[in-house]
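Asks: Got start17.cif for you, mmCIF, C-alpha atoms and all ligand atoms:
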```cif
data_target
#
loop_
_atom_site.label_atom_id
_atom_site.label_comp_id
_atom_site.auth_asym_id
_atom_site.auth_seq_id
_atom_site.Cartn_x
_atom_site.Cartn_y
_atom_site.Cartn_z
CA MET A 29 3.98 16.57 9.57
CA ALA A 30 1.91 15.03 6.80
CA SER A 31 -1.30 15.00 8.84
CA SER A 32 -1.25 18.78 8.99
CA ALA A 33 -0.53 19.10 5.24
CA ARG A 34 -2.86 21.37 3.34
CA VAL A 35 -3.41 21.86 -0.34
CA SER A 36 -3.71 25.24 -2.08
CA PRO A 37 -7.13 26.10 -3.55
CA ALA A 38 -5.52 26.33 -7.01
CA ASP A 39 -4.00 22.83 -6.75
CA LEU A 40 -7.26 21.41 -5.43
CA ALA A 41 -9.22 22.98 -8.29
CA ARG A 42 -6.75 21.61 -10.82
CA ALA A 43 -6.92 18.12 -9.28
CA VAL A 44 -10.73 18.10 -9.34
CA ALA A 45 -10.83 19.39 -12.93
CA THR A 46 -8.35 16.67 -13.94
CA LEU A 47 -10.51 13.96 -12.34
CA ARG A 48 -13.68 15.37 -13.96
CA GLY A 49 -11.89 15.40 -17.31
CA GLY A 50 -11.04 11.71 -16.97
CA GLY A 51 -7.38 12.25 -16.06
CA LEU A 52 -5.10 10.71 -13.44
CA VAL A 53 -4.34 12.51 -10.17
CA ALA A 54 -1.91 11.04 -7.66
CA PHE A 55 -2.96 11.99 -4.13
CA PRO A 56 -1.61 11.45 -0.62
CA THR A 57 -3.38 9.26 1.91
CA GLU A 58 -2.20 8.48 5.43
CA THR A 59 -1.00 5.03 4.21
CA VAL A 60 0.65 5.50 0.80
CA TYR A 61 0.00 7.71 -2.28
CA GLY A 62 -2.90 6.63 -4.51
CA LEU A 63 -3.14 6.87 -8.31
CA GLY A 64 -6.59 8.45 -8.55
CA ALA A 65 -9.24 8.43 -11.25
CA ASP A 66 -13.01 8.96 -11.38
CA ALA A 67 -14.42 5.56 -10.33
CA SER A 68 -17.55 6.17 -12.44
CA ASN A 69 -15.64 6.83 -15.67
CA ALA A 70 -14.59 3.58 -17.36
CA ASP A 71 -12.08 5.27 -19.67
CA ALA A 72 -10.42 6.99 -16.71
CA VAL A 73 -10.23 3.69 -14.79
CA LYS A 74 -8.64 2.04 -17.85
CA LYS A 75 -5.89 4.68 -17.74
CA VAL A 76 -5.05 3.61 -14.18
CA PHE A 77 -4.47 0.03 -15.31
CA ALA A 78 -2.40 1.21 -18.26
CA ALA A 79 -0.23 3.55 -16.17
CA LYS A 80 0.37 0.92 -13.49
CA ARG A 81 0.76 -1.87 -16.08
CA ARG A 82 -1.59 -3.78 -13.84
CA PRO A 83 -3.56 -6.84 -15.04
CA HIS A 84 -7.31 -6.19 -15.35
CA ASP A 85 -8.35 -8.88 -12.89
CA HIS A 86 -6.73 -6.93 -10.03
CA PRO A 87 -9.57 -4.88 -8.53
CA LEU A 88 -9.26 -1.29 -7.28
CA ILE A 89 -10.24 0.41 -4.01
CA VAL A 90 -12.93 3.11 -4.30
CA HIS A 91 -12.10 6.05 -2.01
CA LEU A 92 -14.96 8.06 -0.53
CA ALA A 93 -15.09 11.22 1.58
CA ARG A 94 -17.56 9.83 4.12
CA ALA A 95 -18.95 6.52 5.35
CA ALA A 96 -22.44 7.90 4.57
CA GLN A 97 -21.65 7.38 0.85
CA LEU A 98 -21.23 3.61 1.37
CA ALA A 99 -24.75 2.84 0.14
CA ASP A 100 -23.95 4.52 -3.20
CA TRP A 101 -21.33 1.84 -3.90
CA ALA A 102 -22.30 -1.27 -1.90
CA ARG A 103 -25.44 -3.32 -1.22
CA GLU A 104 -26.56 -5.54 1.68
CA ILE A 105 -24.20 -3.72 4.05
CA PRO A 106 -23.85 -5.89 7.18
CA SER A 107 -23.71 -4.51 10.73
CA ALA A 108 -20.02 -5.50 10.95
CA ALA A 109 -19.30 -2.99 8.19
CA HIS A 110 -21.05 -0.20 10.09
CA THR A 111 -19.20 -1.13 13.27
CA LEU A 112 -15.79 -1.07 11.58
CA ALA A 113 -16.60 2.13 9.68
CA LYS A 114 -17.60 3.80 12.95
CA HIS A 115 -14.42 2.69 14.72
CA PHE A 116 -11.80 3.17 12.02
CA TRP A 117 -13.04 5.63 9.35
CA PRO A 118 -11.70 7.93 8.27
CA GLY A 119 -8.53 5.85 8.49
CA PRO A 120 -6.25 3.11 7.13
CA LEU A 121 -8.95 0.45 6.70
CA THR A 122 -10.51 -0.97 3.51
CA LEU A 123 -13.77 -2.93 3.58
CA ILE A 124 -14.83 -5.48 0.94
CA LEU A 125 -18.59 -5.37 0.42
CA LYS A 126 -21.11 -6.63 -2.13
CA ARG A 127 -21.04 -4.13 -4.96
CA ALA A 128 -23.90 -1.86 -6.00
CA ALA A 129 -25.28 -2.67 -9.46
CA HIS A 130 -23.69 0.31 -11.22
CA VAL A 131 -20.10 -0.42 -10.10
CA SER A 132 -18.10 -1.37 -13.16
CA ASP A 133 -16.41 -4.75 -13.69
CA LEU A 134 -13.25 -2.77 -14.38
CA VAL A 135 -13.22 -1.54 -10.78
CA THR A 136 -14.11 -4.89 -9.20
CA GLY A 137 -12.06 -7.15 -11.47
CA GLY A 138 -15.33 -8.82 -12.47
CA GLN A 139 -16.08 -9.88 -8.87
CA ASP A 140 -19.42 -9.26 -7.14
CA SER A 141 -17.62 -7.31 -4.40
CA VAL A 142 -16.13 -3.83 -4.17
CA ALA A 143 -13.37 -2.44 -1.94
CA ILE A 144 -14.20 0.83 -0.16
CA ARG A 145 -11.99 3.11 1.91
CA VAL A 146 -12.52 6.49 3.60
CA PRO A 147 -9.00 7.91 4.05
CA ALA A 148 -8.14 10.37 6.84
CA HIS A 149 -5.38 12.41 5.19
CA PRO A 150 -6.56 16.04 5.02
CA VAL A 151 -5.51 16.39 1.37
CA ALA A 152 -7.33 13.18 0.40
CA GLN A 153 -10.36 14.42 2.34
CA ALA A 154 -10.21 17.82 0.61
CA LEU A 155 -9.97 16.13 -2.81
CA LEU A 156 -12.78 13.64 -2.19
CA ASN A 157 -15.10 16.27 -0.72
CA ALA A 158 -14.48 18.69 -3.58
CA PHE A 159 -14.85 15.96 -6.22
CA GLY A 160 -17.94 14.50 -4.58
CA GLY A 161 -17.85 11.02 -6.16
CA GLY A 162 -15.76 7.89 -5.74
CA VAL A 163 -12.08 7.90 -6.69
CA VAL A 164 -10.30 4.64 -7.49
CA GLY A 165 -6.88 4.70 -5.90
CA PRO A 166 -4.43 1.85 -6.19
CA SER A 167 -1.07 2.49 -4.61
CA ALA A 168 0.89 4.83 -6.89
CA ASN A 169 3.58 2.40 -8.05
CA ARG A 170 4.11 0.28 -11.14
CA PHE A 171 2.56 -3.16 -10.66
CA GLY A 172 4.45 -5.38 -8.22
CA ARG A 173 6.87 -2.63 -7.22
CA VAL A 174 7.50 -0.64 -4.06
CA SER A 175 4.62 1.69 -3.11
CA ALA A 176 5.21 5.45 -3.09
CA THR A 177 5.09 7.41 0.18
CA THR A 178 6.16 10.83 -1.13
CA ALA A 179 5.10 12.94 -4.12
CA GLU A 180 8.67 12.71 -5.43
CA HIS A 181 8.50 8.89 -5.43
CA VAL A 182 5.24 9.08 -7.41
CA ARG A 183 6.92 11.28 -10.02
CA GLN A 184 9.84 8.85 -10.21
CA GLU A 185 7.40 5.97 -10.82
CA PHE A 186 5.13 7.58 -13.40
CA GLY A 187 6.73 10.70 -14.89
CA GLU A 188 4.38 12.06 -17.56
CA ASP A 189 1.93 9.16 -17.22
CA VAL A 190 0.19 10.91 -14.33
CA ASP A 191 -1.57 14.18 -15.17
CA PHE A 192 -1.20 15.84 -11.76
CA VAL A 193 0.42 15.02 -8.41
CA LEU A 194 -1.03 16.53 -5.23
CA ASP A 195 1.85 16.88 -2.78
CA GLY A 196 0.86 16.19 0.82
CA GLY A 197 4.33 15.43 2.15
CA ALA A 198 5.43 12.02 3.42
CA CYS A 199 2.66 9.57 4.39
CA ASP A 200 2.21 9.03 8.14
CA VAL A 201 1.57 5.26 8.15
CA GLY A 202 3.80 4.21 5.26
CA ILE A 203 2.22 0.83 4.40
CA GLU A 204 -1.13 0.05 2.76
CA SER A 205 -4.46 -0.19 4.57
CA THR A 206 -5.72 -3.23 6.45
CA ILE A 207 -8.30 -5.03 4.23
CA ILE A 208 -11.28 -6.79 5.84
CA ASP A 209 -13.81 -8.79 3.83
CA VAL A 210 -17.31 -8.22 5.20
CA SER A 211 -19.05 -9.37 2.02
CA SER A 212 -19.70 -12.96 3.02
CA GLY A 213 -20.40 -14.31 6.50
CA GLN A 214 -17.77 -13.91 9.20
CA PRO A 215 -15.39 -11.00 8.54
CA ALA A 216 -11.93 -12.07 7.33
CA LEU A 217 -8.55 -10.36 7.17
CA LEU A 218 -7.33 -10.18 3.54
CA ARG A 219 -4.33 -7.85 4.03
CA PRO A 220 -2.66 -6.96 7.37
CA GLY A 221 -1.99 -3.30 8.06
CA ILE A 222 -1.33 -0.82 10.82
CA ILE A 223 -4.80 -1.48 12.23
CA THR A 224 -4.13 -4.94 13.63
CA ALA A 225 -6.30 -8.07 13.56
CA ASN A 226 -6.60 -7.74 17.35
CA GLN A 227 -7.99 -4.20 17.08
CA ILE A 228 -10.52 -5.36 14.46
CA GLU A 229 -11.59 -8.31 16.60
CA ALA A 230 -11.94 -6.06 19.66
CA ALA A 231 -14.15 -3.64 17.70
CA LEU A 232 -16.29 -6.46 16.27
CA GLY A 233 -16.43 -8.45 19.51
CA MET A 234 -15.71 -11.64 17.54
CA PRO A 235 -12.75 -13.43 15.99
CA LEU A 236 -11.86 -12.90 12.34
CA ALA A 237 -12.25 -15.84 9.97
CA THR A 238 -9.31 -17.18 7.98
CA PRO A 239 -9.90 -16.38 4.30
CA ASN A 240 -10.93 -19.45 2.33
CA ALA A 241 -11.56 -20.40 -1.28
CA ALA A 242 -14.92 -18.63 -1.18
CA SER A 243 -13.41 -15.31 -0.02
CA PRO A 244 -13.01 -12.55 -2.60
CA ARG A 245 -9.60 -12.61 -4.21
CA ALA A 246 -7.22 -9.85 -3.15
CA PRO A 247 -4.56 -10.26 -5.83
CA GLY A 248 -2.39 -7.60 -4.15
CA THR A 249 -1.74 -10.31 -1.63
CA LEU A 250 0.32 -12.19 -4.24
CA ALA A 251 3.41 -13.79 -2.77
CA LYS A 252 5.51 -11.49 -4.95
CA HIS A 253 4.83 -7.80 -4.40
CA TYR A 254 6.32 -4.58 -3.08
CA ALA A 255 9.59 -5.65 -4.61
CA PRO A 256 12.86 -3.79 -5.16
CA ARG A 257 14.93 -4.63 -8.27
CA THR A 258 17.89 -5.75 -6.16
CA PRO A 259 17.62 -9.39 -4.99
CA VAL A 260 16.41 -9.37 -1.37
CA MET A 261 17.20 -11.86 1.41
CA LEU A 262 15.43 -11.80 4.75
CA VAL A 263 18.10 -12.65 7.33
CA GLN A 264 17.97 -13.37 11.08
CA ALA A 265 19.55 -10.70 13.28
CA ASP A 266 22.29 -12.91 14.72
CA VAL A 267 23.80 -13.83 11.34
CA ILE A 268 23.35 -10.68 9.27
CA ASP A 269 26.80 -9.15 9.99
CA GLU A 270 28.54 -12.42 9.22
CA LEU A 271 26.61 -12.88 5.98
CA ALA A 272 27.30 -9.29 4.90
CA ARG A 273 31.04 -9.82 5.55
CA SER A 274 31.19 -13.07 3.65
CA LEU A 275 29.32 -11.65 0.63
CA ALA A 276 31.59 -8.59 0.65
CA ARG A 277 34.65 -10.87 0.73
CA GLN A 278 33.31 -12.50 -2.44
CA GLY A 279 33.32 -9.03 -4.05
CA GLN A 280 29.58 -8.38 -3.80
CA ARG A 281 28.21 -4.91 -3.12
CA VAL A 282 25.85 -5.35 -0.19
CA ALA A 283 22.88 -3.21 0.91
CA VAL A 284 21.55 -3.80 4.43
CA LEU A 285 18.29 -2.76 6.06
CA ALA A 286 19.30 -3.42 9.65
CA ARG A 287 17.60 -2.88 12.97
CA SER A 288 20.83 -2.96 14.96
CA ARG A 289 22.73 0.28 15.36
CA HIS A 290 26.31 -0.95 14.92
CA GLN A 291 27.37 -0.85 11.32
CA PRO A 292 30.06 -3.43 10.58
CA LEU A 293 33.21 -2.06 8.89
CA ILE A 294 32.82 -3.58 5.45
CA ASP A 295 33.82 -2.14 2.07
CA LYS A 296 31.12 -1.29 -0.46
CA LEU A 297 28.40 -1.56 2.17
CA THR A 298 25.24 0.54 2.01
CA TRP A 299 23.65 0.45 5.44
CA ILE A 300 20.42 1.83 6.85
CA ALA A 301 19.54 1.35 10.53
CA ALA A 302 15.74 1.13 10.49
CA PRO A 303 13.61 2.38 13.41
CA GLN A 304 12.94 0.08 16.34
CA THR A 305 9.15 0.20 16.65
CA PRO A 306 6.71 -1.35 14.11
CA ALA A 307 4.97 1.98 13.40
CA ALA A 308 8.20 3.90 12.82
CA TYR A 309 9.65 1.00 10.80
CA ALA A 310 6.53 0.92 8.58
CA HIS A 311 6.62 4.69 8.15
CA ASP A 312 10.12 4.53 6.62
CA LEU A 313 9.94 1.09 4.98
CA TYR A 314 9.25 1.91 1.33
CA ALA A 315 11.52 4.97 1.32
CA ASN A 316 14.30 2.80 2.80
CA LEU A 317 13.76 0.09 0.18
CA ARG A 318 13.92 2.73 -2.55
CA THR A 319 17.12 4.24 -1.15
CA LEU A 320 18.82 0.85 -0.87
CA ASP A 321 17.61 -0.19 -4.32
CA ALA A 322 18.98 3.04 -5.83
CA ALA A 323 22.45 2.19 -4.44
CA GLY A 324 22.64 -0.47 -7.18
CA CYS A 325 24.06 -3.23 -4.97
CA ASP A 326 24.25 -6.90 -5.92
CA VAL A 327 22.17 -8.03 -2.98
CA MET A 328 19.95 -6.52 -0.26
CA LEU A 329 19.91 -8.09 3.20
CA ILE A 330 16.95 -7.25 5.42
CA GLU A 331 17.21 -8.02 9.11
CA ALA A 332 14.05 -9.97 9.98
CA PRO A 333 11.90 -8.26 12.66
CA PRO A 334 10.34 -10.36 15.46
CA LEU A 335 7.47 -12.68 14.49
CA THR A 336 5.05 -11.02 16.91
CA PRO A 337 1.53 -9.73 16.05
CA ASP A 338 2.60 -6.07 16.22
CA TRP A 339 5.08 -6.74 13.39
CA ALA A 340 2.59 -8.76 11.25
CA ALA A 341 1.96 -6.07 8.62
CA VAL A 342 5.66 -5.24 8.24
CA ASN A 343 6.61 -8.93 8.06
CA ASP A 344 3.92 -9.46 5.40
CA ARG A 345 5.43 -6.71 3.18
CA LEU A 346 9.01 -7.90 3.76
CA ALA A 347 8.15 -11.50 2.82
CA ARG A 348 6.55 -10.33 -0.42
CA ALA A 349 9.44 -7.96 -1.19
CA ALA A 350 11.87 -10.87 -0.75
CA ALA A 351 9.74 -13.20 -2.90
CA GLY A 352 9.50 -10.75 -5.80
CA ALA A 353 12.84 -8.96 -5.77
CA GLY A 354 15.21 -9.12 -8.70
CA ASP A 355 12.39 -10.28 -10.96
CA ASP A 356 12.11 -7.56 -13.57
CA ARG A 357 8.92 -8.63 -15.31
CA GLY A 358 7.28 -5.57 -13.74
CA ASP A 359 4.39 -7.54 -12.30
O1 LIG A 401 -3.69 1.97 1.69
C1 LIG A 401 -4.22 1.59 0.65
O2 LIG A 401 -5.10 0.71 0.63
C2 LIG A 401 -3.78 2.26 -0.66
C3 LIG A 401 -4.21 3.73 -0.60
C4 LIG A 401 -3.85 4.49 -1.85
O3 LIG A 401 -5.59 3.79 -0.35
N1 LIG A 401 -4.31 1.60 -1.80
C5 LIG A 401 -3.90 0.35 -2.18
O4 LIG A 401 -4.48 -0.09 -3.36
O5 LIG A 401 -3.10 -0.30 -1.55
P1 LIG A 401 -3.91 -1.32 -4.20
O6 LIG A 401 -4.73 -1.33 -5.44
O7 LIG A 401 -2.45 -1.18 -4.36
O8 LIG A 401 -4.27 -2.55 -3.33
C6 LIG A 401 -5.65 -2.88 -3.21
C7 LIG A 401 -5.83 -4.28 -2.77
C8 LIG A 401 -5.35 -5.29 -3.79
O9 LIG A 401 -4.73 -6.35 -3.09
C9 LIG A 401 -6.65 -5.75 -4.39
O10 LIG A 401 -6.55 -7.06 -4.89
C10 LIG A 401 -7.59 -5.67 -3.21
O11 LIG A 401 -7.21 -4.49 -2.56
N2 LIG A 401 -8.99 -5.54 -3.63
C11 LIG A 401 -9.55 -4.52 -4.29
N3 LIG A 401 -10.85 -4.79 -4.55
C12 LIG A 401 -11.11 -6.00 -4.04
C13 LIG A 401 -12.25 -6.83 -3.98
N4 LIG A 401 -13.41 -6.48 -4.53
N5 LIG A 401 -12.15 -8.02 -3.36
C14 LIG A 401 -10.97 -8.39 -2.80
N6 LIG A 401 -9.85 -7.65 -2.83
C15 LIG A 401 -9.91 -6.48 -3.44
MG MG A 402 -0.48 -1.75 -4.32
#
```
Just give me the structure of the file as structure tokens.

Replies:
Amino acid sequence: MASSARVSPADLARAVATLRGGGLVAFPTETVYGLGADASNADAVKKVFAAKRRPHDHPLIVHLARAAQLADWAREIPSAAHTLAKHFWPGPLTLILKRAAHVSDLVTGGQDSVAIRVPAHPVAQALLNAFGGGVVGPSANRFGRVSATTAEHVRQEFGEDVDFVLDGGACDVGIESTIIDVSSGQPALLRPGIITANQIEAALGMPLATPNAASPRAPGTLAKHYAPRTPVMLVQADVIDELARSLARQGQRVAVLARSRHQPLIDKLTWIAAPQTPAAYAHDLYANLRTLDAAGCDVMLIEAPPLTPDWAAVNDRLARAAAGAGDDRGD
């Protein structure tokens, strides 16, 4: 299991030396793999944007070993931040805070806020502790594309553009961290994740605000994101078989990410029966999208999960995958 993954002392030393030398190190977290660089080295941070082909106004998350380092990167830390850090760190939660003066515009996208996360994965913890400083870590995928949840997927995305990949096995959670803005007034949910809005509200003892025009931008919440190359359609469960049949009759090669177990007998069908629970579904989601994409079909049908709060993070990623699929601009 990924959570028991360990890294060899030689690999850890090489990863730390690469970060200190301004290079790029992909590393596992419990959510997805990150494309790491020294957050205090502007040239190293620039390499992250270049490798991802990511626009410069899309800010990066700074990963830290411990919540105690928060004050090195943020200022005016509100009690809500301490409460959430105590409940959920280390773990799949990112907090948006007012940035400390030294934090570069490159990291924050020119905003006055900075995103901070303390990941729980033992390999991420080993790396961050050995390195000592902050490590920027966007998801290790080309901009707008499907995030990587294994070391192999990172290599497929970046090849030689990443200096070293720390292999920690498959990520436990499988989708990116929940993002909460605590930089201005009432905390707000900017990106849903495996830690649900309900859990955050229970920890805070107050409701979350709806993000508004004054909230920090989280450009990763673009409508188009996490997208396969194959055109994606989100389809209701009761019509997916019929739609697959009719597309196949028109000669189309169809890929299906289903939740039902009974595969219809259709020619040229690539079928994956996804797990039934939100956590298991999320764990496999990006690997399943990659597998279906690699089948080179004309269209990908995804059976829509229920619209209940426990599926919110998965539904968020599926909606963005459907909005951005087939568009090959690489954004
Ligand atoms: O689970 C995760 O969060 C993974 C792992 C590697 O930690 N990282 C990740 O990073 O998903 P990335 O760069 O793919 O997504 C970060 C999101 C983007 O939507 C970005 O716009 C938002 O965080 N973000 C970063 N800094 C921000 C800031 N100062 N204000 C608002 N949003 C910010
Ligand atoms: Mg990302």

Asks: Have a look at A:Pro337, A:Gly51, A:Pro106, A:Gly165 and name the one nearest to Leu232 (chain A); count only C-alpha atoms.

Replies: A:Pro106

Asks: Suppose you want the space between CA of Gly160 (chain A) and CA of Leu98 (chain A); what is it in Å?

Replies: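 Those two atoms sit 12.8 Å apart.
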
Asks: Identify which of the residues A:Ile203, A:Val182, A:Ala93, A:Ala198 lies closest to ligand LIG 401 (chain A), counting all atoms listed in the file when measuring atom-to-atom distances.

Replies: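 Between A:Ile203, A:Val182, A:Ala93, A:Ala198, the residue approaching ligand LIG 401 (chain A) most closely is A:Ile203.
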
Asks: List as an NGL selection string the protein and nucleic acid residues lying within 7 Å of ligand LIG 401 (chain A), with all atoms listed in the file counted.

Replies: :A and (57 or 59-63 or 86-89 or 120 or 122 or 124 or 136 or 139 or 141-143 or 145 or 147 or 165-168 or 203-205 or 207 or 244-249)

Asks: For the residues in that selection, give me C-alpha atoms as a PDB file, in the coordinates of the input.

Replies:
```pdb
ATOM      1  CA  THR A  57      -3.380   9.260   1.910  1.00  0.00           C
ATOM      2  CA  THR A  59      -1.000   5.030   4.210  1.00  0.00           C
ATOM      3  CA  VAL A  60       0.650   5.500   0.800  1.00  0.00           C
ATOM      4  CA  TYR A  61       0.000   7.710  -2.280  1.00  0.00           C
ATOM      5  CA  GLY A  62      -2.900   6.630  -4.510  1.00  0.00           C
ATOM      6  CA  LEU A  63      -3.140   6.870  -8.310  1.00  0.00           C
ATOM      7  CA  HIS A  86      -6.730  -6.930 -10.030  1.00  0.00           C
ATOM      8  CA  PRO A  87      -9.570  -4.880  -8.530  1.00  0.00           C
ATOM      9  CA  LEU A  88      -9.260  -1.290  -7.280  1.00  0.00           C
ATOM     10  CA  ILE A  89     -10.240   0.410  -4.010  1.00  0.00           C
ATOM     11  CA  PRO A 120      -6.250   3.110   7.130  1.00  0.00           C
ATOM     12  CA  THR A 122     -10.510  -0.970   3.510  1.00  0.00           C
ATOM     13  CA  ILE A 124     -14.830  -5.480   0.940  1.00  0.00           C
ATOM     14  CA  THR A 136     -14.110  -4.890  -9.200  1.00  0.00           C
ATOM     15  CA  GLN A 139     -16.080  -9.880  -8.870  1.00  0.00           C
ATOM     16  CA  SER A 141     -17.620  -7.310  -4.400  1.00  0.00           C
ATOM     17  CA  VAL A 142     -16.130  -3.830  -4.170  1.00  0.00           C
ATOM     18  CA  ALA A 143     -13.370  -2.440  -1.940  1.00  0.00           C
ATOM     19  CA  ARG A 145     -11.990   3.110   1.910  1.00  0.00           C
ATOM     20  CA  PRO A 147      -9.000   7.910   4.050  1.00  0.00           C
ATOM     21  CA  GLY A 165      -6.880   4.700  -5.900  1.00  0.00           C
ATOM     22  CA  PRO A 166      -4.430   1.850  -6.190  1.00  0.00           C
ATOM     23  CA  SER A 167      -1.070   2.490  -4.610  1.00  0.00           C
ATOM     24  CA  ALA A 168       0.890   4.830  -6.890  1.00  0.00           C
ATOM     25  CA  ILE A 203       2.220   0.830   4.400  1.00  0.00           C
ATOM     26  CA  GLU A 204      -1.130   0.050   2.760  1.00  0.00           C
ATOM     27  CA  SER A 205      -4.460  -0.190   4.570  1.00  0.00           C
ATOM     28  CA  ILE A 207      -8.300  -5.030   4.230  1.00  0.00           C
ATOM     29  CA  PRO A 244     -13.010 -12.550  -2.600  1.00  0.00           C
ATOM     30  CA  ARG A 245      -9.600 -12.610  -4.210  1.00  0.00           C
ATOM     31  CA  ALA A 246      -7.220  -9.850  -3.150  1.00  0.00           C
ATOM     32  CA  PRO A 247      -4.560 -10.260  -5.830  1.00  0.00           C
ATOM     33  CA  GLY A 248      -2.390  -7.600  -4.150  1.00  0.00           C
ATOM     34  CA  THR A 249      -1.740 -10.310  -1.630  1.00  0.00           C
TER      35      THR A 249
END
```

Asks: For a test of reading the model, state the distance in Å between CA of Pro256 (chain A) and CA of Val164 (chain A), rounded to one decimal.

Replies: 24.8 Å

Asks: Hey, which of A:Ala231, A:Cys199, A:Ile144, A:Ala99 ends up closest to Phe116 (chain A)? Count all atoms listed in the file.

Replies: A:Ala231

Asks: Enter the distance from CA of Tyr309 (chain A) to CA of Asp344 (chain A), in Å, rounded to one decimal.

Replies: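 If I compute the distance from CA of Tyr309 (chain A) to CA of Asp344 (chain A), I get 13.1 Å.
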
Asks: Select, from A:Lys80, A:His110, A:Lys296, A:His130, the residue with the minimum atom-to-atom distance to ligand MG 402 (chain A), counting all atoms listed in the file.

Replies: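 For ligand MG 402 (chain A), the nearest of the given residues is A:Lys80.
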
Asks: Smallest atom-to-atom distance to ligand MG 402 (chain A): which of A:Pro56, A:Pro150, A:Gly172, A:Gly161, using only C-alpha atoms and all ligand atoms?

Replies: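 Once distances to ligand MG 402 (chain A) are computed over only C-alpha atoms and all ligand atoms, the minimum belongs to A:Gly172.
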
Asks: Would you mind listing what lies within 12 Å of Asp326 (chain A) as a PyMOL selection string, with all atoms listed in the file counted and same-chain residues fewer than 4 positions away left out?

Replies: chain A and resi 256-261+272+275-276+278-284+296-298+320-322+353-354

Asks: With C-alpha atoms retained, could you export that selection as an mmCIF file, keeping the file's coordinate frame?

Replies:
```
data_model
loop_
_atom_site.group_PDB
_atom_site.id
_atom_site.type_symbol
_atom_site.label_atom_id
_atom_site.label_comp_id
_atom_site.auth_asym_id
_atom_site.auth_seq_id
_atom_site.Cartn_x
_atom_site.Cartn_y
_atom_site.Cartn_z
ATOM 1 C CA PRO A 256 12.860 -3.790 -5.160
ATOM 2 C CA ARG A 257 14.930 -4.630 -8.270
ATOM 3 C CA THR A 258 17.890 -5.750 -6.160
ATOM 4 C CA PRO A 259 17.620 -9.390 -4.990
ATOM 5 C CA VAL A 260 16.410 -9.370 -1.370
ATOM 6 C CA MET A 261 17.200 -11.860 1.410
ATOM 7 C CA ALA A 272 27.300 -9.290 4.900
ATOM 8 C CA LEU A 275 29.320 -11.650 0.630
ATOM 9 C CA ALA A 276 31.590 -8.590 0.650
ATOM 10 C CA GLN A 278 33.310 -12.500 -2.440
ATOM 11 C CA GLY A 279 33.320 -9.030 -4.050
ATOM 12 C CA GLN A 280 29.580 -8.380 -3.800
ATOM 13 C CA ARG A 281 28.210 -4.910 -3.120
ATOM 14 C CA VAL A 282 25.850 -5.350 -0.190
ATOM 15 C CA ALA A 283 22.880 -3.210 0.910
ATOM 16 C CA VAL A 284 21.550 -3.800 4.430
ATOM 17 C CA LYS A 296 31.120 -1.290 -0.460
ATOM 18 C CA LEU A 297 28.400 -1.560 2.170
ATOM 19 C CA THR A 298 25.240 0.540 2.010
ATOM 20 C CA LEU A 320 18.820 0.850 -0.870
ATOM 21 C CA ASP A 321 17.610 -0.190 -4.320
ATOM 22 C CA ALA A 322 18.980 3.040 -5.830
ATOM 23 C CA ALA A 353 12.840 -8.960 -5.770
ATOM 24 C CA GLY A 354 15.210 -9.120 -8.700
#
```

Asks: Residues near Ala148 (chain A), anyone? I mean within 7 Å using only C-alpha atoms, not counting same-chain ones fewer than 5 positions away, as a PyMOL selection string.

Replies: chain A and resi 57-58+118-119+153

Asks: Between A:Leu155, A:Leu217, A:Ala307, A:Ala79, which is the closest to His91 (chain A) once you count only C-alpha atoms?

Replies: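 Answer, going by the shortest atom-to-atom distance: A:Leu155.
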
Asks: Take the point (-9.0, -11.7, 6.7) as written in the file and pick out every residue within 7 Å of it, counting all atoms listed in the file; give the list as a PDB file with C-alpha atoms, in the frame of the given file.

Replies:
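The resulting selection13.pdb:
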```pdb
ATOM      1  CA  ILE A 208     -11.280  -6.790   5.840  1.00  0.00           C
ATOM      2  CA  ASP A 209     -13.810  -8.790   3.830  1.00  0.00           C
ATOM      3  CA  PRO A 215     -15.390 -11.000   8.540  1.00  0.00           C
ATOM      4  CA  ALA A 216     -11.930 -12.070   7.330  1.00  0.00           C
ATOM      5  CA  LEU A 217      -8.550 -10.360   7.170  1.00  0.00           C
ATOM      6  CA  LEU A 218      -7.330 -10.180   3.540  1.00  0.00           C
ATOM      7  CA  ARG A 219      -4.330  -7.850   4.030  1.00  0.00           C
ATOM      8  CA  LEU A 236     -11.860 -12.900  12.340  1.00  0.00           C
ATOM      9  CA  ALA A 237     -12.250 -15.840   9.970  1.00  0.00           C
ATOM     10  CA  THR A 238      -9.310 -17.180   7.980  1.00  0.00           C
ATOM     11  CA  PRO A 239      -9.900 -16.380   4.300  1.00  0.00           C
TER      12      PRO A 239
END
```

Asks: Fix up region 211-215 of chain A with N, CA and C atoms, then write it as a PDB file, in the frame of the given file.

Replies:
```
ATOM      1  N   SER A 211     -18.049  -9.124   3.063  1.00  0.00           N
ATOM      2  CA  SER A 211     -19.050  -9.370   2.020  1.00  0.00           C
ATOM      3  C   SER A 211     -19.725 -10.725   2.149  1.00  0.00           C
ATOM      4  N   SER A 212     -19.141 -11.607   2.970  1.00  0.00           N
ATOM      5  CA  SER A 212     -19.700 -12.960   3.020  1.00  0.00           C
ATOM      6  C   SER A 212     -19.459 -13.570   4.393  1.00  0.00           C
ATOM      7  N   GLY A 213     -20.506 -13.638   5.203  1.00  0.00           N
ATOM      8  CA  GLY A 213     -20.400 -14.310   6.500  1.00  0.00           C
ATOM      9  C   GLY A 213     -19.445 -13.624   7.447  1.00  0.00           C
ATOM     10  N   GLN A 214     -18.662 -14.442   8.166  1.00  0.00           N
ATOM     11  CA  GLN A 214     -17.770 -13.910   9.200  1.00  0.00           C
ATOM     12  C   GLN A 214     -16.662 -13.065   8.586  1.00  0.00           C
ATOM     13  N   PRO A 215     -16.436 -11.862   9.102  1.00  0.00           N
ATOM     14  CA  PRO A 215     -15.390 -11.000   8.540  1.00  0.00           C
ATOM     15  C   PRO A 215     -14.021 -11.686   8.536  1.00  0.00           C
TER      16      PRO A 215
END
```
